[in-house]
$ cat model07.cif   # mmCIF, C-alpha atoms
data_data
#
loop_
_atom_site.label_atom_id
_atom_site.label_comp_id
_atom_site.auth_asym_id
_atom_site.auth_seq_id
_atom_site.Cartn_x
_atom_site.Cartn_y
_atom_site.Cartn_z
CA MET R 271 -7.17 -63.76 -3.34
CA SER R 272 -5.14 -65.70 -5.89
CA ALA R 273 -5.04 -64.21 -9.34
CA HIS R 274 -4.51 -66.92 -11.95
CA ALA R 275 -7.23 -69.49 -12.61
CA THR R 276 -4.78 -71.65 -14.55
CA GLY R 277 -1.84 -71.37 -12.16
CA PRO R 278 -0.67 -73.92 -9.60
CA ARG R 279 -2.27 -74.68 -6.27
CA THR R 280 0.39 -73.47 -3.88
CA LEU R 281 1.02 -73.90 -0.16
CA VAL R 282 3.14 -71.43 1.82
CA VAL R 283 4.42 -72.66 5.21
CA ARG R 284 5.41 -70.28 8.03
CA LEU R 285 5.00 -71.96 11.40
CA ASP R 286 6.30 -69.45 13.94
CA SER R 287 4.92 -66.35 15.65
CA ALA R 288 2.68 -63.55 14.42
CA GLY R 289 5.66 -61.34 13.62
CA ASP R 290 7.23 -64.05 11.47
CA VAL R 291 3.96 -64.51 9.58
CA LEU R 292 3.72 -60.76 8.96
CA LEU R 293 7.21 -60.81 7.46
CA ALA R 294 6.06 -63.57 5.11
CA GLY R 295 3.39 -61.26 3.69
CA PRO R 296 5.23 -60.03 0.57
CA ALA R 297 6.16 -63.61 -0.34
CA VAL R 298 2.54 -64.73 0.13
CA ARG R 299 1.34 -61.96 -2.17
CA ALA R 300 3.88 -62.94 -4.82
CA VAL R 301 2.76 -66.57 -4.65
CA ALA R 302 -0.90 -65.56 -4.80
CA ALA R 303 -0.28 -63.41 -7.88
CA GLY R 304 0.91 -66.48 -9.77
CA SER R 305 -1.31 -69.20 -8.31
CA ALA R 306 -4.87 -70.38 -8.85
CA TYR R 307 -5.18 -71.14 -5.14
CA THR R 308 -2.93 -70.17 -2.23
CA ALA R 309 -3.05 -71.62 1.27
CA LEU R 310 -0.95 -70.57 4.25
CA LEU R 311 0.02 -73.16 6.86
CA CYS R 312 0.90 -71.47 10.15
CA GLY R 313 1.13 -72.20 13.85
CA PRO R 314 -1.46 -71.12 16.45
CA LEU R 315 0.61 -68.07 17.45
CA GLY R 316 0.75 -66.93 13.84
CA GLU R 317 -2.89 -67.56 13.00
CA PRO R 318 -4.26 -64.08 13.87
CA ALA R 319 -1.69 -62.47 11.58
CA ALA R 320 -2.21 -65.06 8.85
CA ARG R 321 -5.92 -64.27 8.71
CA MET R 322 -5.12 -60.61 7.98
CA LEU R 323 -2.61 -61.18 5.18
CA PRO R 324 -3.69 -60.26 1.66
CA GLY R 325 -3.41 -63.11 -0.82
CA ALA R 326 -4.20 -66.26 1.15
CA ASP R 327 -7.37 -68.11 0.08
CA GLU R 328 -7.18 -70.42 3.11
CA VAL R 329 -5.35 -70.53 6.43
CA LEU R 330 -4.41 -73.92 7.87
CA VAL R 331 -3.11 -74.25 11.44
CA HIS R 332 -0.73 -76.83 12.93
CA ASP R 333 1.17 -76.63 16.22
CA ALA R 334 4.48 -78.09 15.05
CA PRO R 335 6.69 -79.97 17.53
CA TRP R 336 9.88 -78.51 15.99
CA VAL R 337 8.88 -74.83 16.34
CA GLY R 338 8.52 -72.41 19.24
CA PHE R 339 9.81 -72.02 22.76
CA GLU R 340 7.16 -74.33 24.23
CA ALA R 341 6.79 -76.86 21.44
CA PRO R 342 4.19 -79.62 21.90
CA PRO R 343 5.15 -83.29 22.08
CA VAL R 344 5.19 -85.36 18.90
CA ARG R 345 1.84 -87.10 18.46
CA ARG R 346 1.42 -89.51 15.59
CA GLU R 347 -2.31 -88.85 15.18
CA LEU R 348 -1.79 -85.09 14.77
CA ILE R 349 0.98 -85.57 12.22
CA ASP R 350 -1.20 -88.05 10.30
CA ALA R 351 -4.10 -85.59 10.36
CA LEU R 352 -1.91 -82.82 8.95
CA VAL R 353 -0.58 -85.04 6.17
CA ASP R 354 -4.14 -86.12 5.29
CA CYS R 355 -5.34 -82.50 5.32
CA LEU R 356 -2.58 -81.40 2.94
CA ALA R 357 -2.97 -84.43 0.67
CA ALA R 358 -6.69 -83.76 0.28
CA ARG R 359 -5.97 -80.29 -1.10
CA ARG R 360 -3.76 -81.60 -3.92
CA PHE R 361 -1.20 -78.83 -3.89
CA ASP R 362 1.15 -78.59 -6.85
CA ARG R 363 3.85 -76.57 -5.11
CA ALA R 364 4.94 -75.62 -1.62
CA LEU R 365 7.31 -73.01 -0.22
CA ILE R 366 8.64 -73.46 3.30
CA LEU R 367 9.61 -70.16 4.93
CA SER R 368 11.84 -70.35 7.98
CA SER R 369 14.26 -68.09 9.81
CA TYR R 370 17.95 -68.21 9.01
CA HIS R 371 18.70 -70.38 12.05
CA GLN R 372 15.87 -72.90 11.49
CA SER R 373 15.72 -76.08 9.42
CA PRO R 374 12.85 -76.46 6.92
CA LEU R 375 13.41 -80.20 6.61
CA PRO R 376 10.88 -81.52 9.18
CA ALA R 377 8.14 -79.66 7.31
CA ALA R 378 9.56 -80.76 3.95
CA LEU R 379 9.30 -84.42 4.96
CA LEU R 380 5.62 -84.03 5.86
CA LEU R 381 4.87 -82.20 2.62
CA LYS R 382 6.42 -85.03 0.62
CA LEU R 383 4.38 -87.57 2.59
CA ALA R 384 1.32 -85.49 1.63
CA GLY R 385 2.18 -85.99 -2.02
CA ILE R 386 3.16 -82.41 -2.85
CA PRO R 387 5.36 -82.92 -5.93
CA TRP R 388 7.51 -79.75 -5.73
CA THR R 389 8.85 -78.09 -2.59
CA ALA R 390 11.28 -75.21 -2.10
CA ALA R 391 13.08 -73.80 0.95
CA ASP R 392 16.26 -72.11 2.09
CA SER R 393 18.41 -74.87 3.57
CA GLU R 394 21.95 -75.01 4.84
CA HIS R 395 21.51 -78.73 5.53
CA TYR R 396 21.63 -81.45 2.88
CA PRO R 397 17.97 -82.14 1.99
CA GLY R 398 18.25 -85.40 0.05
CA THR R 399 15.02 -85.71 -1.93
CA LEU R 400 12.99 -83.56 0.47
CA LEU R 401 13.49 -80.35 -1.51
CA ASP R 402 13.13 -79.80 -5.24
CA LEU R 403 14.63 -76.32 -4.90
CA ARG R 404 17.32 -76.01 -2.27
CA HIS R 405 17.75 -72.26 -2.20
CA ARG R 406 20.64 -70.45 -0.52
CA ARG R 407 19.83 -67.26 1.34
CA ALA R 408 21.81 -64.18 0.35
CA PRO R 409 24.11 -62.89 3.12
CA HIS R 410 22.74 -60.29 5.55
CA ARG R 411 19.23 -60.52 4.10
CA HIS R 412 16.25 -59.19 6.03
CA GLU R 413 13.79 -61.98 6.87
CA ALA R 414 11.02 -60.44 4.76
CA ARG R 415 13.31 -59.94 1.76
CA ALA R 416 14.74 -63.45 2.12
CA ALA R 417 11.22 -64.93 1.98
CA LEU R 418 10.46 -62.93 -1.15
CA ASP R 419 13.77 -64.08 -2.67
CA LEU R 420 12.63 -67.68 -2.24
CA ALA R 421 9.27 -66.93 -3.86
CA GLU R 422 11.03 -65.29 -6.81
CA ALA R 423 13.43 -68.21 -7.18
CA SER R 424 10.35 -70.46 -7.26
CA GLY R 425 8.90 -68.56 -10.21
CA PHE R 426 6.62 -66.11 -8.39
CA ALA R 427 6.79 -62.32 -8.54
CA LEU R 428 4.93 -59.47 -6.90
CA PRO R 429 2.20 -58.02 -9.11
CA PRO R 430 2.78 -54.66 -10.84
CA GLY R 431 2.53 -51.76 -8.40
CA ASP R 432 3.28 -53.90 -5.32
CA GLU R 433 6.55 -52.58 -3.88
CA GLY R 434 6.96 -55.40 -1.37
CA ALA R 435 6.21 -53.67 1.93
CA LEU R 436 4.31 -55.43 4.69
CA ALA R 437 0.53 -55.11 4.42
CA LEU R 438 -2.75 -56.16 6.03
CA THR R 439 -6.37 -56.40 4.98
CA ALA R 440 -9.01 -53.95 6.27
CA LEU R 441 -8.61 -52.70 9.84
CA PRO R 442 -11.35 -52.10 12.41
CA ASP R 443 -12.19 -48.63 13.67
CA THR R 444 -10.42 -48.34 17.02
CA ALA R 445 -11.22 -44.70 17.78
CA PRO R 446 -13.71 -45.86 20.48
CA LEU R 447 -10.73 -47.45 22.27
CA THR R 448 -8.16 -44.71 21.81
CA GLY R 449 -10.13 -41.51 21.34
CA THR R 450 -9.46 -39.21 18.41
CA ASP R 451 -6.64 -37.01 19.74
CA PRO R 452 -3.14 -37.82 18.44
CA TYR R 453 -1.20 -40.42 20.41
CA VAL R 454 2.02 -42.42 20.67
CA VAL R 455 1.87 -46.13 21.49
CA VAL R 456 4.28 -47.74 23.94
CA HIS R 457 4.20 -51.55 23.80
CA PRO R 458 6.43 -52.63 26.71
CA GLY R 459 6.17 -56.42 26.61
CA ALA R 460 7.77 -59.15 24.51
CA ALA R 461 7.52 -62.94 24.40
CA VAL R 462 11.31 -62.97 24.85
CA PRO R 463 12.22 -60.93 27.97
CA ALA R 464 15.69 -60.05 26.68
CA ARG R 465 14.06 -58.03 23.88
CA ALA R 466 12.05 -55.72 26.15
CA TRP R 467 12.81 -52.90 28.55
CA SER R 468 12.59 -53.65 32.24
CA PRO R 469 9.18 -52.52 33.54
CA ALA R 470 10.63 -49.66 35.59
CA ARG R 471 12.56 -48.37 32.59
CA ALA R 472 9.44 -48.50 30.40
CA ALA R 473 7.43 -46.61 33.01
CA ARG R 474 10.00 -43.81 33.09
CA ALA R 475 9.86 -43.54 29.29
CA VAL R 476 6.06 -43.23 29.35
CA ALA R 477 6.34 -40.42 31.90
CA ALA R 478 9.00 -38.68 29.80
CA LEU R 479 6.89 -38.87 26.65
CA GLU R 480 3.88 -37.47 28.47
CA GLU R 481 6.03 -34.67 29.88
CA ALA R 482 7.22 -33.92 26.33
CA GLY R 483 3.59 -33.34 25.32
CA HIS R 484 2.63 -36.71 23.81
CA ARG R 485 -0.55 -38.56 24.71
CA VAL R 486 0.59 -42.13 25.38
CA VAL R 487 -1.38 -45.32 24.85
CA VAL R 488 0.10 -48.47 26.42
CA THR R 489 -0.72 -51.78 24.73
CA GLY R 490 -0.20 -55.41 25.71
CA GLY R 491 -1.69 -58.86 25.51
CA PRO R 492 -4.07 -60.56 27.97
CA ALA R 493 -1.14 -61.91 30.00
CA GLU R 494 0.39 -58.44 30.28
CA LYS R 495 -2.44 -56.58 32.05
CA GLU R 496 -0.48 -56.16 35.28
CA LEU R 497 2.59 -55.00 33.35
CA THR R 498 0.71 -52.39 31.32
CA ALA R 499 -1.20 -51.13 34.37
CA ASP R 500 2.06 -50.58 36.24
CA ILE R 501 3.68 -48.83 33.29
CA ALA R 502 0.67 -46.65 32.42
CA ASP R 503 0.49 -45.77 36.15
CA GLY R 504 -2.60 -43.62 35.74
CA ILE R 505 -0.71 -41.27 33.41
CA ALA R 506 -1.23 -43.05 30.07
CA LEU R 507 -4.24 -44.81 28.56
CA ASP R 508 -3.91 -48.51 29.42
CA LEU R 509 -5.21 -50.89 26.72
CA GLY R 510 -3.40 -53.96 28.07
CA GLY R 511 -5.49 -57.06 27.37
CA ARG R 512 -8.28 -55.00 25.80
CA THR R 513 -7.54 -55.51 22.11
CA SER R 514 -7.90 -58.43 19.74
CA PHE R 515 -5.15 -58.83 17.15
CA PRO R 516 -7.08 -56.83 14.50
CA GLU R 517 -7.89 -54.17 17.10
CA LEU R 518 -4.24 -53.92 18.10
CA ALA R 519 -3.40 -53.43 14.43
CA GLY R 520 -5.99 -50.66 14.30
CA VAL R 521 -4.59 -48.98 17.41
CA LEU R 522 -1.07 -49.08 15.96
CA ALA R 523 -2.35 -47.76 12.62
CA GLY R 524 -3.84 -44.74 14.36
CA ALA R 525 -0.66 -43.86 16.27
CA ASP R 526 1.82 -41.17 15.26
CA VAL R 527 4.68 -43.45 16.36
CA VAL R 528 4.97 -46.86 18.04
CA VAL R 529 7.67 -47.49 20.66
CA THR R 530 8.31 -51.21 21.10
CA GLY R 531 10.97 -53.86 21.34
CA ASN R 532 11.94 -56.33 18.63
CA THR R 533 8.68 -58.23 18.92
CA GLY R 534 5.48 -58.84 16.98
CA PRO R 535 4.01 -55.33 17.36
CA SER R 536 7.14 -53.89 15.73
CA HIS R 537 6.27 -55.80 12.56
CA LEU R 538 2.55 -55.15 13.02
CA ALA R 539 3.26 -51.41 13.12
CA ALA R 540 5.31 -51.75 9.94
CA ALA R 541 2.44 -53.63 8.30
CA VAL R 542 0.09 -50.68 8.96
CA ASP R 543 2.76 -48.16 7.89
CA THR R 544 3.25 -46.52 11.28
CA PRO R 545 6.77 -45.30 12.17
CA VAL R 546 8.56 -47.39 14.79
CA VAL R 547 11.04 -46.54 17.53
CA CYS R 548 12.41 -50.03 18.03
CA LEU R 549 14.27 -50.87 21.22
CA PHE R 550 16.43 -53.46 19.55
CA ALA R 551 18.37 -55.84 21.78
CA PRO R 552 21.30 -57.24 19.76
CA VAL R 553 20.62 -60.85 20.78
CA VAL R 554 19.57 -61.28 17.13
CA PRO R 555 20.86 -59.14 14.23
CA ALA R 556 18.99 -55.96 13.37
CA GLU R 557 19.77 -56.41 9.69
CA ARG R 558 17.42 -59.41 9.67
CA TRP R 559 14.68 -58.24 12.03
CA ALA R 560 14.45 -54.43 12.01
CA PRO R 561 11.08 -52.82 11.11
CA TYR R 562 10.71 -53.43 7.38
CA ARG R 563 10.09 -50.75 4.75
CA VAL R 564 8.72 -48.25 7.26
CA PRO R 565 10.29 -45.16 8.85
CA HIS R 566 12.06 -46.27 12.02
CA ARG R 567 14.79 -45.57 14.52
CA LEU R 568 16.72 -48.32 16.27
CA LEU R 569 17.70 -47.66 19.89
CA GLY R 570 19.87 -49.92 22.01
CA ARG R 571 23.53 -50.73 22.35
CA GLN R 572 24.24 -53.04 19.43
CA ASP R 573 27.77 -53.72 20.72
CA ALA R 574 26.54 -55.03 24.10
CA ALA R 575 27.96 -58.28 25.45
CA CYS R 576 24.75 -60.17 24.59
CA ALA R 577 25.15 -59.48 20.84
CA GLY R 578 24.44 -62.51 18.68
CA SER R 579 23.70 -64.76 21.66
CA ARG R 580 19.99 -65.36 20.82
CA ALA R 581 19.47 -65.24 24.60
CA ARG R 582 15.86 -65.25 25.76
CA VAL R 583 16.71 -63.77 29.17
CA CYS R 584 19.33 -61.05 29.35
CA PRO R 585 22.66 -62.60 30.39
CA VAL R 586 24.20 -59.26 31.40
CA PRO R 587 23.38 -57.66 34.80
CA GLY R 588 21.33 -54.49 34.47
CA HIS R 589 20.12 -55.23 30.93
CA PRO R 590 22.44 -52.52 29.58
CA CYS R 591 21.67 -52.96 25.87
CA LEU R 592 18.17 -51.52 26.36
CA ASP R 593 17.88 -50.06 29.86
CA SER R 594 20.80 -47.70 29.18
CA VAL R 595 18.76 -45.96 26.46
CA THR R 596 17.95 -42.52 27.87
CA ASP R 597 14.62 -40.71 28.03
CA ALA R 598 16.15 -37.98 25.88
CA GLU R 599 17.00 -40.51 23.16
CA VAL R 600 13.46 -41.90 23.18
CA VAL R 601 11.81 -38.48 23.10
CA ALA R 602 14.12 -37.32 20.29
CA ALA R 603 13.47 -40.45 18.22
CA VAL R 604 9.71 -40.08 18.59
CA ALA R 605 9.91 -36.40 17.65
CA ALA R 606 12.00 -37.18 14.57
CA LEU R 607 9.57 -39.82 13.33
CA ALA R 608 6.46 -37.80 14.14
CA ALA R 609 7.75 -34.88 12.04
CA PRO R 610 6.60 -34.92 8.38
CA GLY R 611 9.25 -36.69 6.31
CA GLY R 612 11.27 -37.31 9.45
CA ALA R 613 12.53 -40.75 8.43
CA ASP R 614 11.95 -41.21 4.72
CA ASP R 615 15.51 -42.45 4.44
CA ASP R 616 14.56 -45.54 6.47
CA ARG R 617 11.86 -46.75 4.11
CA LYS R 618 14.19 -48.57 1.72
CA GLU R 619 16.03 -51.68 2.87
CA PRO R 620 19.59 -52.48 1.70
CA GLU R 621 19.62 -55.14 -1.00
#
$ encode --input "model07.cif" --output "structure tokens"
Amino acid sequence: MSAHATGPRTLVVRLDSAGDVLLAGPAVRAVAAGSAYTALLCGPLGEPAARMLPGADEVLVHDAPWVGFEAPPVRRELIDALVDCLAARRFDRALILSSYHQSPLPAALLLKLAGIPWTAADSEHYPGTLLDLRHRRAPHRHEARAALDLAEASGFALPPGDEGALALTALPDTAPLTGTDPYVVVHPGAAVPARAWSPARAARAVAALEEAGHRVVVTGGPAEKELTADIADGIALDLGGRTSFPELAGVLAGADVVVTGNTGPSHLAAAVDTPVVCLFAPVVPAERWAPYRVPHRLLGRQDAACAGSRARVCPVPGHPCLDSVTDAEVVAAVAALAAPGGADDDRKEPE
């Protein structure tokens, strides 16, 4: 909850996916530490994560037409309802968090229409009077650190003792789902296919991890039940479609290591302080999206032809950036992270 009864009423905006909202967590906590009231405006995909972030007094949800791969059409009545909702809360300040390739200006216009007197965002585009603080992102900044930079430039700082890692509120007990023996999670799916292994490659990795002596738990969303069943193949425990967002967080928290692509569960694992073997397709830069402030290993050919393309579907036959990763590399990375102190050097991010 917000800490200062005499501070401003502040709105933080992060409209994308659950992973993006998780990366906003340190910035939200900084805002909350210096605000009397803190609200987080997110999209429907980000709502489950938003409701688990420490610091937010209220979560507001809007499906924005300028965000997401399947954005909704523009509807005047929904925009009017959002503006009225924000105006009624009489915010003093607002911070718009967006990825390096996104514009904050559509949101900034609506916040001004809602009467919010001071708004800040990173913006490469001329904002006119839409932004009161037009902040410039430092080069090569991780998304989580860039969001915290904006909060700090807006006059907010993390409270003493908060080192700025990702964090969540209390987790459910998921031992009834996983059992109590040690396990490694493999999360094979991703909203963007280019950022995941092919199913056959993931299935081979599960078999290799089991052969190496690990108990494997396969996770996935409701739409991924067929995928996880095929990959678990009767060898691993299949939890595809069986976990809510908080339960998935609990399952990841209980794992020795999580093996996943550059997708929401990578950041969810970081938020519960579980080491991550991240199969990182170079379609977006690892320096911005790698697991944050948690022991991790990045696997994948970062010099592949798809590098920097932001492709959603792999443009290179055979998906070489990820499918060329060997079983031996995966098993070795899991072993390194599962060992005590195996990746302490990865916990600090470059400034």
$ closest_residue --input "model07.cif" --among "R:Pro587, R:Gly338, R:Gly425, R:Pro409" --to "Ala390 (chain R)" --atoms "all atoms listed in the file"
R:Gly425
$ atom_distance --input "model07.cif" --atom1 "CA of Pro516 (chain R)" --atom2 "CA of Ser287 (chain R)"
15.4 Å
$ atom_distance --input "model07.cif" --atom1 "CA of Ala437 (chain R)" --atom2 "CA of Val476 (chain R)"
28.2 Å
$ residues_around --input "model07.cif" --residues "Pro278 (chain R)" --least-positions-apart "4" --cutoff "7 Å" --atoms "all atoms listed in the file" --output "ChimeraX atom specification"
/R:305-307,362-363
$ atom_distance --input "model07.cif" --atom1 "CA of Val595 (chain R)" --atom2 "CA of Gly570 (chain R)"
6.1 Å
$ residues_around --input "model07.cif" --residues "Val527 (chain R)" --least-positions-apart "3" --cutoff "8 Å" --atoms "only C-alpha atoms" --output "list of chain:residue names"
R:Tyr453, R:Val454, R:Val455, R:Thr544, R:Pro545, R:Val546, R:Val547, R:Val604, R:Leu607, R:Ala608
$ closest_residue --input "model07.cif" --among "R:Val542, R:Val462, R:Leu447, R:Val528" --to "Leu509 (chain R)" --atoms "only C-alpha atoms"
R:Leu447
$ resolve_selection --input "model07.cif" --expression "the PyMOL selection byres ((chain R and resi 580-583) around 9)" --output "count of residues only"
14
$ residues_around --input "model07.cif" --residues "Ala302 (chain R)" --least-positions-apart "4" --cutoff "10 Å" --atoms "only C-alpha atoms" --output "PyMOL selection string"
chain R and resi 271-274+277-282+296-298+306-309+324-327+426-429
$ write_last_selection --input "model07.cif" --atoms "C-alpha atoms" --output "compact mmCIF listing (two decimals), in the coordinates of the input"
# COMPACT_ATOMS: atom_id res chain seq x y z
CA MET R 271 -7.17 -63.76 -3.34
CA SER R 272 -5.14 -65.70 -5.89
CA ALA R 273 -5.04 -64.21 -9.34
CA HIS R 274 -4.51 -66.92 -11.95
CA GLY R 277 -1.84 -71.37 -12.16
CA PRO R 278 -0.67 -73.92 -9.60
CA ARG R 279 -2.27 -74.68 -6.27
CA THR R 280 0.39 -73.47 -3.88
CA LEU R 281 1.02 -73.90 -0.16
CA VAL R 282 3.14 -71.43 1.82
CA PRO R 296 5.23 -60.03 0.57
CA ALA R 297 6.16 -63.61 -0.34
CA VAL R 298 2.54 -64.73 0.13
CA ALA R 306 -4.87 -70.38 -8.85
CA TYR R 307 -5.18 -71.14 -5.14
CA THR R 308 -2.93 -70.17 -2.23
CA ALA R 309 -3.05 -71.62 1.27
CA PRO R 324 -3.69 -60.26 1.66
CA GLY R 325 -3.41 -63.11 -0.82
CA ALA R 326 -4.20 -66.26 1.15
CA ASP R 327 -7.37 -68.11 0.08
CA PHE R 426 6.62 -66.11 -8.39
CA ALA R 427 6.79 -62.32 -8.54
CA LEU R 428 4.93 -59.47 -6.90
CA PRO R 429 2.20 -58.02 -9.11
$ resolve_selection --input "model07.cif" --expression "the PyMOL selection byres ((chain R and resi 529) around 12)" --output "JSON, numbers by chain"
{"R": [453, 454, 455, 456, 457, 458, 459, 466, 467, 472, 475, 476, 479, 486, 487, 488, 489, 522, 525, 526, 527, 528, 530, 531, 532, 533, 535, 536, 537, 538, 539, 540, 544, 545, 546, 547, 548, 549, 550, 561, 566, 567, 568, 569, 599, 600, 601, 603, 604, 605, 607, 608]}
$ closest_residue --input "model07.cif" --among "R:Leu285, R:Ala416, R:Leu292, R:Leu310" --to "Glu557 (chain R)" --atoms "all atoms listed in the file"
R:Ala416
